[in-house]
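Participant: Just dropping this structure here.
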Amino acid sequence: MEGKVYDKRGAPRLNRYYEKFKPYYKLDPENHADKTLVFESRFECGNLKRAVKVGEYEYDLYLKNDYGTGGFTQWYFFKVSNTRKDRTYRFNIVNLMKPDSTYNIGMKPLLYSVKEADQTGIGWYRDGYNIAYYQNSRKRIGSQPSGMSSSSASTVASLGGNDRANPQSSGYYGSYFSLTFEVKLKHDLDTVYFAHCYPYGYSDLCDLIQRVCTYQNKDKIRRTVLCKSLAGNDVEMLIVTNFASSPEAISHRKAIILTCRIHPGETNSSFIMNGVIEYLISDEEKAEFLRNTFVFKIIPMLNPDGVIVGNYRCSLIGQDLNRQWIGPSSKQYPVLYHTKLMMKKTLESRDIFFFCDFHGHSTKKNIFMYGNNQTKPSDKHKERVFPQLYAENSENFSYEDCSFEVQKSRESTARVVMWREFNLINSYTLEASFCGPSKGAMKGCHFNPTMLDQMGRVFCKTLADYVEREGGAGA
C-alpha cells in the first residue's frame, strides 16, 4: 500500500480544557540534547495509556482498554512532540487484542504533521515501513471481556494464548498482539499525530449537523434528539424527506432506517454516512426521487460516549452494544431501547422498507454487506438484489465478500434483530475496510475520506436503482 496523502482536513481541535493538562514528561528547556518524545492523547477520541522508551528512538506503547473492560484495544490516536528530523522512530503497540489485522495485508498507520501541514498544506497521510502485526509473549489475565463471543475467544485461544479449555473461565484468557512500525519524520521539534484511521469525533458530527440543518434545507432535512446517552450526550437523529409535500403524501411514504458508529473506533463508517446525508439533501435527480419516495430516519452516532473517550468497540459500561439489541434495558442501553422504540412507533404510521447499520472492518479489504439467512427463495433473491446493484455501481464494493448467513454469535446484532423482530427482508450491515480495495483502479490504495464519502453517495443512488428495478417502494 503506498503512502500517498489523501486528506487535507486540519489537525484535531484541542479545546482549552485539554490544553490545561500538563505533559506526563516535562522537557528541560535548557537541555536541548534531550530527544525524548512527549506523548499525549488527552483529547477527543484519543487513546494511549502509556509510552515506554526502550531505545534512543524506540517506544513501547500501551493503549487504554475500553471503559469497563479488560481489553478491546485496537483503536489508537495520539500525538508526539519534540521530534528530530530524518530520524527513524520505531513504535511497538504491544497490547492489541485481535489475532489478525489488515496491517498484515498492506495497511499503514495514519499520520498528521503540524509543520508539514503549515508548510505544504498536506494533511493526514499514510506512512510507515517494516510494518508487522503479530502475537507477542505477553499474557492477558482475566475473564473473557464483556461482549466478546465465545467463538472469538476460541479463535484467540487457538493461537496459543489460552491455558484453559474454557475461554470464558478466569485466569489466562489469551495473548496480546503487537503492531510494530517505523517512520522517518521530516521536521525538528514537530508535533505529529498518529491514528488507526481518520478521526471522526462527536464534534465532527455536531459540525456536520450544523452545516446541513439550515433554514435553506428545512424542506429536506430536520433534526431531533432521539434520547440522551448514559453520559448525557445528545443522540442525534436526522429525518430526511420532502417536507414541502402534503401531509397525505408524506403519510404514504415508507421509512428507511440508517444507523452508524455503534462501534466507536470504526470511524471510516462515519465518512460513508456523511456521503449519504450530503447526497440525500442535494439537488441530484435521484436524491429528489428518494426524498419524494421515502422518509429517512438516520442515527449517525449510536455510541457518542464511546467515541468521545476513545473506545474501540464498547459503551461506558463495557458492553459491545451490537450484541445487546434483544430486549435492551432503557437504563443500561438507552440508545438501543429508544432506537427500537422509534422503529415500533414508525411502524404505527408507515412500513419500514430498508434498514442498514454502518461499520468498519479490521481484517478484510473492500466494502461489502452482511445480510440474513432467509428461508423463502423469493426473500433470498430479494435480499441479494441491493448488494448486487451496489457492486454494479462501484468497483470498490465487493459482492463476493458479502455473506447472508447468521452465526450464533451474531444473533443479537442490529441487522439480525431488525430482520427477525420487524420482519425486514432488507436488513443489512455495511462493512468498510480500514485498508482499501483489492480490485479495480484503486487496488493497492487505502480508502480515504473522499472515497468513503463517494461510497455513501453511491449507496443512495443504488437505493434509487433498487426501487426502480423492483417496481417501486411497494415492492
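Letters A, B, ... go to the chains of the C-alpha cells in the order shown; residues in each chain start at 1; ligands are counted from 1 in the same order.
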Apply DSSP to the structure's backbone, then extract all residues of stretch 108-300 of chain A labelled strand (DSSP E or B) and return them as JSON, numbers by chain.

Facilitator: {"A": [110, 111, 112, 113, 124, 125, 126, 129, 130, 131, 132, 133, 134, 135, 136, 137, 138, 139, 140, 141, 172, 173, 174, 175, 176, 177, 178, 179, 180, 181, 182, 183, 184, 192, 193, 194, 195, 221, 222, 223, 224, 225, 226, 227, 228, 234, 235, 236, 237, 238, 239, 240, 254, 255, 256, 257, 258, 259, 260, 294, 295, 296, 297, 298, 299]}

Participant: Give me, as a list in words, all polymer residues having an atom no more than 9 Å from A:Thr363, counting only C-alpha atoms and skipping those fewer than 3 positions away in the same chain.

Facilitator: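 Surrounding residues, per the criterion: Asp100, Ser101, Thr102, Tyr103, Asn104, Ile105, Ser433, Phe434 and Cys435 of chain A.
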
Participant: Got time to write the residues from that selection, N, CA and C atoms, as a tab-separated table (two decimals), in the first residue's frame?

Facilitator:
```
chain	number	residue	atom	x	y	z
A	100	ASP	N	-5.69	-10.92	14.11
A	100	ASP	CA	-5.32	-10.63	12.73
A	100	ASP	C	-5.69	-9.19	12.42
A	101	SER	N	-5.10	-8.64	11.40
A	101	SER	CA	-5.32	-7.24	11.07
A	101	SER	C	-4.96	-6.98	9.62
A	102	THR	N	-5.58	-5.94	9.05
A	102	THR	CA	-5.23	-5.52	7.70
A	102	THR	C	-3.83	-4.93	7.62
A	103	TYR	N	-3.18	-4.70	8.77
A	103	TYR	CA	-1.76	-4.31	8.72
A	103	TYR	C	-0.92	-5.42	8.09
A	104	ASN	N	-1.40	-6.63	8.14
A	104	ASN	CA	-0.67	-7.75	7.54
A	104	ASN	C	-0.90	-7.87	6.03
A	105	ILE	N	-1.81	-7.07	5.49
A	105	ILE	CA	-2.07	-7.13	4.04
A	105	ILE	C	-1.91	-5.76	3.40
A	433	SER	N	-13.66	-1.62	4.84
A	433	SER	CA	-12.33	-1.99	5.30
A	433	SER	C	-11.56	-0.77	5.80
A	434	PHE	N	-10.78	-0.97	6.87
A	434	PHE	CA	-9.85	0.07	7.30
A	434	PHE	C	-8.71	0.23	6.30
A	435	CYS	N	-8.56	-0.76	5.44
A	435	CYS	CA	-7.46	-0.77	4.48
A	435	CYS	C	-7.93	-0.16	3.16
```

Participant: Given the choices A:Ser251, A:Asn366, A:Arg469, A:Phe353, which gets closest to A:Leu389 if the distance is worked out from only C-alpha atoms?

Facilitator: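 Going through A:Ser251, A:Asn366, A:Arg469, A:Phe353 one by one, the smallest distance to A:Leu389 is for A:Arg469.
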
Participant: If you count only C-alpha atoms, which residues fall within 12 Å of A:Lys345, apart from same-chain ones fewer than 6 positions away, as a ChimeraX atom specification?

Facilitator: /A:255,338-339,351-352,422

Participant: Near stretch 67-71 of chain A, within 6 Å and counting only C-alpha atoms, which residues show up once chain neighbours fewer than 2 positions away are dropped, as a PDB file with N, CA and C atoms, in the first residue's frame?

Facilitator:
```pdb
ATOM      1  N   ASN A  65      -7.633   0.309  27.709  1.00  0.00           N
ATOM      2  CA  ASN A  65      -8.755  -0.598  27.489  1.00  0.00           C
ATOM      3  C   ASN A  65     -10.025   0.210  27.299  1.00  0.00           C
ATOM      4  N   THR A  73      -8.654  -3.363  22.844  1.00  0.00           N
ATOM      5  CA  THR A  73      -7.662  -2.381  22.423  1.00  0.00           C
ATOM      6  C   THR A  73      -7.340  -2.584  20.947  1.00  0.00           C
ATOM      7  N   PRO A 145     -13.588 -10.674  28.020  1.00  0.00           N
ATOM      8  CA  PRO A 145     -14.136  -9.334  28.012  1.00  0.00           C
ATOM      9  C   PRO A 145     -15.616  -9.339  27.670  1.00  0.00           C
ATOM     10  N   LEU A 316     -19.768   2.945  27.756  1.00  0.00           N
ATOM     11  CA  LEU A 316     -19.107   3.314  29.010  1.00  0.00           C
ATOM     12  C   LEU A 316     -19.256   2.251  30.085  1.00  0.00           C
ATOM     13  N   ILE A 317     -20.201   1.322  29.925  1.00  0.00           N
ATOM     14  CA  ILE A 317     -20.335   0.246  30.912  1.00  0.00           C
ATOM     15  C   ILE A 317     -19.692  -1.042  30.406  1.00  0.00           C
ATOM     16  N   GLY A 318     -18.844  -0.920  29.417  1.00  0.00           N
ATOM     17  CA  GLY A 318     -18.056  -2.063  28.975  1.00  0.00           C
ATOM     18  C   GLY A 318     -18.804  -3.088  28.165  1.00  0.00           C
TER      19      GLY A 318
END
```

Participant: Set the distance at 9 Å and use only C-alpha atoms: which residues neighbour A:Gln74 once local chain neighbours fewer than 6 positions away are removed? I'd like the list as a list in words.

Facilitator: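 So, after excluding close chain neighbours, the residues are Leu63, Asn65, Asn95, Leu96, Met97, Lys98, His196, Gly265, Asn311, Tyr312 and Arg313 of chain A.
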
Participant: Would you kindly return, as a compact mmCIF listing (two decimals) with N, CA and C atoms, in the first residue's frame, each protein, DNA or RNA residue with an atom no farther than 12 Å from any atom of A:Asn274, considering only C-alpha atoms and excluding same-chain residues fewer than 2 positions away?

Facilitator:
```
# COMPACT_ATOMS: atom_id res chain seq x y z
N TYR A 200 -12.89 10.81 13.55
CA TYR A 200 -14.20 11.45 13.35
C TYR A 200 -14.91 11.42 14.69
N ASP A 204 -17.16 16.52 15.27
CA ASP A 204 -17.29 16.50 13.81
C ASP A 204 -18.74 16.28 13.40
N LEU A 205 -19.44 15.41 14.12
CA LEU A 205 -20.85 15.19 13.82
C LEU A 205 -21.65 16.46 14.08
N CYS A 206 -21.38 17.12 15.20
CA CYS A 206 -22.10 18.37 15.51
C CYS A 206 -21.87 19.41 14.42
N ASP A 207 -20.64 19.48 13.90
CA ASP A 207 -20.35 20.41 12.80
C ASP A 207 -21.15 20.06 11.56
N LEU A 208 -21.23 18.76 11.25
CA LEU A 208 -22.00 18.33 10.08
C LEU A 208 -23.46 18.72 10.22
N ILE A 209 -24.03 18.44 11.38
CA ILE A 209 -25.45 18.73 11.59
C ILE A 209 -25.71 20.23 11.48
N ARG A 211 -24.07 22.27 9.72
CA ARG A 211 -23.89 22.67 8.33
C ARG A 211 -25.07 22.30 7.45
N VAL A 212 -25.67 21.14 7.69
CA VAL A 212 -26.73 20.67 6.79
C VAL A 212 -28.13 21.07 7.25
N LEU A 238 -31.53 12.43 12.37
CA LEU A 238 -31.86 13.28 11.24
C LEU A 238 -33.00 12.64 10.45
N LEU A 258 -31.28 4.19 8.94
CA LEU A 258 -29.84 4.03 8.80
C LEU A 258 -29.16 4.40 10.12
N THR A 259 -28.23 3.56 10.57
CA THR A 259 -27.53 3.81 11.83
C THR A 259 -26.02 3.66 11.62
N CYS A 260 -25.25 4.23 12.54
CA CYS A 260 -23.80 4.24 12.36
C CYS A 260 -23.11 4.43 13.71
N ARG A 261 -21.85 4.03 13.78
CA ARG A 261 -20.93 4.25 14.88
C ARG A 261 -21.40 3.67 16.21
N THR A 267 -14.28 4.61 12.56
CA THR A 267 -14.51 5.97 12.09
C THR A 267 -14.78 6.04 10.59
N ASN A 268 -14.27 5.08 9.83
CA ASN A 268 -14.48 5.11 8.38
C ASN A 268 -15.96 5.06 8.03
N SER A 269 -16.76 4.41 8.86
CA SER A 269 -18.20 4.33 8.59
C SER A 269 -18.85 5.70 8.61
N SER A 270 -18.34 6.61 9.43
CA SER A 270 -18.93 7.95 9.51
C SER A 270 -18.73 8.74 8.22
N PHE A 271 -17.63 8.51 7.53
CA PHE A 271 -17.41 9.22 6.28
C PHE A 271 -18.37 8.72 5.19
N ILE A 272 -18.71 7.43 5.24
CA ILE A 272 -19.74 6.93 4.32
C ILE A 272 -21.09 7.55 4.66
N VAL A 276 -23.85 9.82 2.51
CA VAL A 276 -25.28 9.54 2.42
C VAL A 276 -26.09 10.80 2.71
N ILE A 277 -25.77 11.45 3.82
CA ILE A 277 -26.54 12.62 4.25
C ILE A 277 -26.41 13.76 3.24
N GLU A 278 -25.17 14.03 2.82
CA GLU A 278 -24.94 15.13 1.88
C GLU A 278 -25.66 14.87 0.55
N TYR A 279 -25.66 13.62 0.10
CA TYR A 279 -26.33 13.32 -1.16
C TYR A 279 -27.84 13.46 -1.04
N LEU A 280 -28.39 12.97 0.06
CA LEU A 280 -29.85 12.98 0.21
C LEU A 280 -30.44 14.38 0.21
N ILE A 281 -29.66 15.37 0.63
CA ILE A 281 -30.19 16.75 0.64
C ILE A 281 -29.73 17.54 -0.58
N ILE A 298 -32.19 8.75 10.27
CA ILE A 298 -30.76 8.46 10.32
C ILE A 298 -30.22 8.78 11.70
N ILE A 299 -29.58 7.79 12.32
CA ILE A 299 -28.89 8.00 13.60
C ILE A 299 -27.40 7.86 13.31
N PRO A 300 -26.69 8.97 13.11
CA PRO A 300 -25.31 8.89 12.63
C PRO A 300 -24.28 8.52 13.68
N MET A 301 -24.66 8.52 14.97
CA MET A 301 -23.69 8.14 16.01
C MET A 301 -24.44 7.52 17.18
N PHE A 358 -24.05 0.84 9.67
CA PHE A 358 -22.76 1.07 9.03
C PHE A 358 -21.61 0.76 9.99
N PRO A 449 -11.17 9.67 3.09
CA PRO A 449 -12.50 10.26 3.30
C PRO A 449 -13.26 10.57 2.02
N THR A 450 -12.55 11.01 0.99
CA THR A 450 -13.23 11.32 -0.27
C THR A 450 -13.84 10.06 -0.89
N MET A 451 -13.09 8.98 -0.90
CA MET A 451 -13.59 7.72 -1.45
C MET A 451 -14.76 7.19 -0.63
N LEU A 452 -14.65 7.28 0.69
CA LEU A 452 -15.72 6.78 1.55
C LEU A 452 -16.97 7.62 1.40
N ASP A 453 -16.80 8.94 1.33
CA ASP A 453 -17.92 9.84 1.07
C ASP A 453 -18.62 9.46 -0.23
N GLN A 454 -17.82 9.19 -1.25
CA GLN A 454 -18.39 8.80 -2.55
C GLN A 454 -19.17 7.50 -2.45
N MET A 455 -18.69 6.56 -1.63
CA MET A 455 -19.41 5.30 -1.45
C MET A 455 -20.76 5.53 -0.78
N GLY A 456 -20.85 6.55 0.08
CA GLY A 456 -22.14 6.90 0.66
C GLY A 456 -23.10 7.43 -0.38
N ARG A 457 -22.59 8.23 -1.29
CA ARG A 457 -23.42 8.77 -2.37
C ARG A 457 -23.88 7.66 -3.32
N VAL A 458 -22.97 6.73 -3.60
CA VAL A 458 -23.34 5.60 -4.46
C VAL A 458 -24.36 4.71 -3.76
N PHE A 459 -24.26 4.60 -2.44
CA PHE A 459 -25.25 3.85 -1.66
C PHE A 459 -26.65 4.40 -1.94
N CYS A 460 -26.78 5.73 -1.92
CA CYS A 460 -28.09 6.34 -2.17
C CYS A 460 -28.56 6.13 -3.61
```

Participant: Give me the residues within 12 Å of A:Ile93 as a PDB file with N, CA and C atoms, in the first residue's frame, counting only C-alpha atoms and dropping any in the same chain fewer than 5 places off.

Facilitator:
```pdb
ATOM      1  N   ASN A  47      -6.556   7.864  22.345  1.00  0.00           N
ATOM      2  CA  ASN A  47      -6.334   6.609  23.059  1.00  0.00           C
ATOM      3  C   ASN A  47      -4.852   6.273  23.087  1.00  0.00           C
ATOM      4  N   LEU A  48      -4.260   6.462  24.245  1.00  0.00           N
ATOM      5  CA  LEU A  48      -2.919   5.974  24.564  1.00  0.00           C
ATOM      6  C   LEU A  48      -2.790   6.034  26.077  1.00  0.00           C
ATOM      7  N   LYS A  49      -2.428   4.927  26.682  1.00  0.00           N
ATOM      8  CA  LYS A  49      -2.317   4.871  28.141  1.00  0.00           C
ATOM      9  C   LYS A  49      -0.901   5.151  28.622  1.00  0.00           C
ATOM     10  N   ARG A  50       0.079   4.557  27.949  1.00  0.00           N
ATOM     11  CA  ARG A  50       1.448   4.664  28.447  1.00  0.00           C
ATOM     12  C   ARG A  50       2.434   4.500  27.297  1.00  0.00           C
ATOM     13  N   ALA A  51       3.546   5.219  27.388  1.00  0.00           N
ATOM     14  CA  ALA A  51       4.643   5.077  26.437  1.00  0.00           C
ATOM     15  C   ALA A  51       5.922   4.806  27.216  1.00  0.00           C
ATOM     16  N   VAL A  52       6.646   3.779  26.818  1.00  0.00           N
ATOM     17  CA  VAL A  52       7.885   3.386  27.489  1.00  0.00           C
ATOM     18  C   VAL A  52       9.028   3.474  26.484  1.00  0.00           C
ATOM     19  N   GLU A  58      13.079   4.358  20.023  1.00  0.00           N
ATOM     20  CA  GLU A  58      12.102   3.266  20.023  1.00  0.00           C
ATOM     21  C   GLU A  58      11.243   3.334  21.281  1.00  0.00           C
ATOM     22  N   TYR A  59       9.924   3.079  21.094  1.00  0.00           N
ATOM     23  CA  TYR A  59       8.979   3.177  22.203  1.00  0.00           C
ATOM     24  C   TYR A  59       7.995   2.017  22.162  1.00  0.00           C
ATOM     25  N   ASP A  60       7.735   1.440  23.336  1.00  0.00           N
ATOM     26  CA  ASP A  60       6.626   0.501  23.509  1.00  0.00           C
ATOM     27  C   ASP A  60       5.409   1.293  23.958  1.00  0.00           C
ATOM     28  N   LEU A  61       4.291   1.091  23.284  1.00  0.00           N
ATOM     29  CA  LEU A  61       3.075   1.848  23.559  1.00  0.00           C
ATOM     30  C   LEU A  61       1.979   0.921  24.056  1.00  0.00           C
ATOM     31  N   TYR A  62       1.257   1.381  25.076  1.00  0.00           N
ATOM     32  CA  TYR A  62       0.147   0.630  25.658  1.00  0.00           C
ATOM     33  C   TYR A  62      -1.126   1.453  25.489  1.00  0.00           C
ATOM     34  N   LEU A  63      -2.131   0.853  24.875  1.00  0.00           N
ATOM     35  CA  LEU A  63      -3.405   1.535  24.677  1.00  0.00           C
ATOM     36  C   LEU A  63      -4.297   1.370  25.892  1.00  0.00           C
ATOM     37  N   LYS A  64      -5.227   2.310  26.066  1.00  0.00           N
ATOM     38  CA  LYS A  64      -6.239   2.189  27.113  1.00  0.00           C
ATOM     39  C   LYS A  64      -7.244   1.111  26.731  1.00  0.00           C
ATOM     40  N   THR A  73      -8.654  -3.363  22.844  1.00  0.00           N
ATOM     41  CA  THR A  73      -7.662  -2.381  22.423  1.00  0.00           C
ATOM     42  C   THR A  73      -7.340  -2.584  20.947  1.00  0.00           C
ATOM     43  N   GLN A  74      -7.707  -1.641  20.124  1.00  0.00           N
ATOM     44  CA  GLN A  74      -7.374  -1.679  18.700  1.00  0.00           C
ATOM     45  C   GLN A  74      -7.258  -0.267  18.134  1.00  0.00           C
ATOM     46  N   TRP A  75      -8.140   0.613  18.551  1.00  0.00           N
ATOM     47  CA  TRP A  75      -8.112   1.998  18.091  1.00  0.00           C
ATOM     48  C   TRP A  75      -7.017   2.756  18.834  1.00  0.00           C
ATOM     49  N   TYR A  76      -6.178   3.459  18.089  1.00  0.00           N
ATOM     50  CA  TYR A  76      -5.190   4.335  18.709  1.00  0.00           C
ATOM     51  C   TYR A  76      -5.255   5.710  18.054  1.00  0.00           C
ATOM     52  N   PHE A  77      -4.991   6.725  18.845  1.00  0.00           N
ATOM     53  CA  PHE A  77      -4.994   8.106  18.369  1.00  0.00           C
ATOM     54  C   PHE A  77      -4.232   8.931  19.404  1.00  0.00           C
ATOM     55  N   PHE A  78      -3.061   9.393  19.040  1.00  0.00           N
ATOM     56  CA  PHE A  78      -2.227  10.144  19.975  1.00  0.00           C
ATOM     57  C   PHE A  78      -1.321  11.081  19.184  1.00  0.00           C
ATOM     58  N   PRO A 109      -0.105   2.924   9.088  1.00  0.00           N
ATOM     59  CA  PRO A 109      -0.627   3.898  10.057  1.00  0.00           C
ATOM     60  C   PRO A 109      -0.897   5.245   9.380  1.00  0.00           C
ATOM     61  N   ILE A 131       6.441  -2.771   8.718  1.00  0.00           N
ATOM     62  CA  ILE A 131       5.201  -2.907   9.488  1.00  0.00           C
ATOM     63  C   ILE A 131       4.911  -4.386   9.722  1.00  0.00           C
ATOM     64  N   ALA A 132       4.614  -4.735  10.956  1.00  0.00           N
ATOM     65  CA  ALA A 132       4.298  -6.131  11.290  1.00  0.00           C
ATOM     66  C   ALA A 132       3.240  -6.167  12.379  1.00  0.00           C
ATOM     67  N   TYR A 133       2.325  -7.106  12.246  1.00  0.00           N
ATOM     68  CA  TYR A 133       1.281  -7.336  13.252  1.00  0.00           C
ATOM     69  C   TYR A 133       1.398  -8.798  13.660  1.00  0.00           C
ATOM     70  N   TYR A 134       1.631  -9.071  14.953  1.00  0.00           N
ATOM     71  CA  TYR A 134       1.988 -10.430  15.357  1.00  0.00           C
ATOM     72  C   TYR A 134       1.646 -10.663  16.829  1.00  0.00           C
ATOM     73  N   GLN A 135       1.546 -11.928  17.197  1.00  0.00           N
ATOM     74  CA  GLN A 135       1.323 -12.304  18.594  1.00  0.00           C
ATOM     75  C   GLN A 135       2.625 -12.122  19.366  1.00  0.00           C
ATOM     76  N   ASN A 136       2.525 -11.488  20.538  1.00  0.00           N
ATOM     77  CA  ASN A 136       3.722 -11.333  21.361  1.00  0.00           C
ATOM     78  C   ASN A 136       3.671 -12.289  22.549  1.00  0.00           C
ATOM     79  N   TYR A 176      -1.659 -11.171  23.930  1.00  0.00           N
ATOM     80  CA  TYR A 176      -1.731  -9.866  23.287  1.00  0.00           C
ATOM     81  C   TYR A 176      -1.033  -9.945  21.932  1.00  0.00           C
ATOM     82  N   PHE A 177      -1.319  -8.944  21.114  1.00  0.00           N
ATOM     83  CA  PHE A 177      -0.705  -8.845  19.804  1.00  0.00           C
ATOM     84  C   PHE A 177      -0.052  -7.479  19.672  1.00  0.00           C
ATOM     85  N   SER A 178       0.964  -7.411  18.850  1.00  0.00           N
ATOM     86  CA  SER A 178       1.727  -6.176  18.676  1.00  0.00           C
ATOM     87  C   SER A 178       1.617  -5.660  17.250  1.00  0.00           C
ATOM     88  N   LEU A 179       1.568  -4.347  17.135  1.00  0.00           N
ATOM     89  CA  LEU A 179       1.759  -3.668  15.856  1.00  0.00           C
ATOM     90  C   LEU A 179       3.080  -2.913  15.951  1.00  0.00           C
ATOM     91  N   THR A 180       4.007  -3.251  15.090  1.00  0.00           N
ATOM     92  CA  THR A 180       5.307  -2.584  15.047  1.00  0.00           C
ATOM     93  C   THR A 180       5.460  -1.872  13.711  1.00  0.00           C
ATOM     94  N   PHE A 181       5.907  -0.625  13.755  1.00  0.00           N
ATOM     95  CA  PHE A 181       6.173   0.095  12.509  1.00  0.00           C
ATOM     96  C   PHE A 181       7.261   1.138  12.750  1.00  0.00           C
ATOM     97  N   GLU A 182       7.897   1.536  11.667  1.00  0.00           N
ATOM     98  CA  GLU A 182       8.928   2.563  11.712  1.00  0.00           C
ATOM     99  C   GLU A 182       8.523   3.723  10.814  1.00  0.00           C
ATOM    100  N   PHE A 194      -0.759  10.405  15.295  1.00  0.00           N
ATOM    101  CA  PHE A 194      -0.843   9.047  14.764  1.00  0.00           C
ATOM    102  C   PHE A 194      -2.252   8.517  15.033  1.00  0.00           C
ATOM    103  N   ALA A 195      -2.827   7.816  14.058  1.00  0.00           N
ATOM    104  CA  ALA A 195      -4.172   7.266  14.247  1.00  0.00           C
ATOM    105  C   ALA A 195      -4.337   5.980  13.447  1.00  0.00           C
ATOM    106  N   HIS A 196      -5.241   5.138  13.936  1.00  0.00           N
ATOM    107  CA  HIS A 196      -5.591   3.883  13.251  1.00  0.00           C
ATOM    108  C   HIS A 196      -6.358   4.170  11.967  1.00  0.00           C
TER     109      HIS A 196
END
```

Participant: Choose the residue, out of A:Tyr390, A:Phe447, A:Trp419, A:Phe294, that has the smallest atom-to-atom separation from A:Lys365; count only C-alpha atoms.

Facilitator: A:Phe447

Participant: Hey, what does DSSP flag as alpha helix (DSSP H) within stretch 317-416 of chain A? Can you give it to me as a short mmCIF file (atom, residue, chain, number, x, y, z; two decimals) with N, CA and C atoms, in the first residue's frame?

Facilitator:
```cif
data_model
loop_
_atom_site.label_atom_id
_atom_site.label_comp_id
_atom_site.auth_asym_id
_atom_site.auth_seq_id
_atom_site.Cartn_x
_atom_site.Cartn_y
_atom_site.Cartn_z
N PRO A 334 -29.83 2.93 26.75
CA PRO A 334 -30.90 3.86 26.34
C PRO A 334 -30.96 4.09 24.83
N VAL A 335 -29.82 4.10 24.16
CA VAL A 335 -29.83 4.38 22.72
C VAL A 335 -30.48 3.22 21.96
N LEU A 336 -30.13 1.99 22.34
CA LEU A 336 -30.74 0.83 21.68
C LEU A 336 -32.24 0.78 21.97
N TYR A 337 -32.59 1.02 23.21
CA TYR A 337 -34.00 0.99 23.61
C TYR A 337 -34.80 2.01 22.80
N HIS A 338 -34.29 3.22 22.70
CA HIS A 338 -35.05 4.28 22.02
C HIS A 338 -34.99 4.12 20.50
N THR A 339 -33.96 3.49 19.98
CA THR A 339 -33.93 3.21 18.54
C THR A 339 -35.03 2.21 18.18
N LYS A 340 -35.14 1.16 18.96
CA LYS A 340 -36.19 0.17 18.69
C LYS A 340 -37.57 0.76 18.94
N LEU A 341 -37.69 1.61 19.96
CA LEU A 341 -38.98 2.26 20.23
C LEU A 341 -39.35 3.16 19.06
N MET A 342 -38.38 3.89 18.52
CA MET A 342 -38.63 4.73 17.36
C MET A 342 -39.12 3.90 16.18
N MET A 343 -38.53 2.73 15.98
CA MET A 343 -38.94 1.89 14.87
C MET A 343 -40.34 1.33 15.08
N LYS A 344 -40.66 0.98 16.32
CA LYS A 344 -42.01 0.50 16.61
C LYS A 344 -43.04 1.59 16.35
N LYS A 345 -42.73 2.81 16.77
CA LYS A 345 -43.66 3.93 16.54
C LYS A 345 -43.75 4.25 15.05
N THR A 346 -42.64 4.11 14.35
CA THR A 346 -42.66 4.33 12.90
C THR A 346 -43.62 3.37 12.22
N LEU A 347 -43.61 2.12 12.66
CA LEU A 347 -44.48 1.11 12.06
C LEU A 347 -45.96 1.36 12.31
N GLU A 348 -46.27 2.20 13.29
CA GLU A 348 -47.67 2.54 13.53
C GLU A 348 -48.24 3.42 12.42
N SER A 349 -47.36 4.11 11.69
CA SER A 349 -47.84 5.03 10.66
C SER A 349 -47.34 4.71 9.26
N PRO A 377 -37.29 -18.76 -0.91
CA PRO A 377 -36.49 -18.45 -2.10
C PRO A 377 -36.69 -17.03 -2.60
N SER A 378 -37.93 -16.54 -2.57
CA SER A 378 -38.18 -15.18 -3.06
C SER A 378 -37.50 -14.14 -2.18
N ASP A 379 -37.48 -14.39 -0.86
CA ASP A 379 -36.81 -13.46 0.06
C ASP A 379 -35.30 -13.52 -0.11
N LYS A 380 -34.78 -14.72 -0.34
CA LYS A 380 -33.34 -14.86 -0.58
C LYS A 380 -32.92 -14.03 -1.79
N HIS A 381 -33.71 -14.12 -2.85
CA HIS A 381 -33.40 -13.36 -4.06
C HIS A 381 -33.48 -11.86 -3.78
N LYS A 382 -34.55 -11.45 -3.15
CA LYS A 382 -34.76 -10.01 -2.92
C LYS A 382 -33.65 -9.43 -2.05
N GLU A 383 -33.21 -10.17 -1.04
CA GLU A 383 -32.19 -9.68 -0.13
C GLU A 383 -30.86 -9.43 -0.84
N ARG A 384 -30.61 -10.16 -1.90
CA ARG A 384 -29.33 -10.06 -2.60
C ARG A 384 -29.31 -9.01 -3.69
N VAL A 385 -30.47 -8.46 -4.04
CA VAL A 385 -30.53 -7.53 -5.16
C VAL A 385 -29.77 -6.24 -4.87
N PHE A 386 -30.00 -5.64 -3.69
CA PHE A 386 -29.33 -4.38 -3.39
C PHE A 386 -27.81 -4.52 -3.40
N PRO A 387 -27.22 -5.51 -2.71
CA PRO A 387 -25.76 -5.66 -2.79
C PRO A 387 -25.25 -5.88 -4.22
N GLN A 388 -26.01 -6.62 -5.02
CA GLN A 388 -25.59 -6.83 -6.41
C GLN A 388 -25.56 -5.52 -7.19
N LEU A 389 -26.59 -4.70 -6.98
CA LEU A 389 -26.63 -3.40 -7.66
C LEU A 389 -25.53 -2.48 -7.17
N TYR A 390 -25.25 -2.53 -5.88
CA TYR A 390 -24.17 -1.71 -5.31
C TYR A 390 -22.84 -2.07 -5.97
N ALA A 391 -22.61 -3.36 -6.16
CA ALA A 391 -21.38 -3.82 -6.81
C ALA A 391 -21.33 -3.36 -8.27
N GLU A 392 -22.49 -3.33 -8.94
CA GLU A 392 -22.53 -2.85 -10.32
C GLU A 392 -22.22 -1.36 -10.40
N ASN A 393 -22.59 -0.63 -9.36
CA ASN A 393 -22.42 0.82 -9.36
C ASN A 393 -21.04 1.27 -8.87
N ALA A 414 -27.70 -5.78 15.25
CA ALA A 414 -28.80 -4.95 14.76
C ALA A 414 -29.49 -5.56 13.56
N ARG A 415 -28.72 -5.97 12.55
CA ARG A 415 -29.36 -6.43 11.32
C ARG A 415 -30.21 -7.67 11.54
N VAL A 416 -29.74 -8.59 12.42
CA VAL A 416 -30.47 -9.83 12.65
C VAL A 416 -31.73 -9.56 13.46
#
```

Participant: In Å, with one decimal, what is the gap from atom CA of A:Met442 to atom CA of A:Val307?

Facilitator: 29.2 Å

Participant: When you draw a straight line from atom CA of A:Glu116 to atom CA of A:Pro23, how long is it in Å?

Facilitator: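 Answer for the atom CA of A:Glu116 to atom CA of A:Pro23 separation: 23.1 Å.
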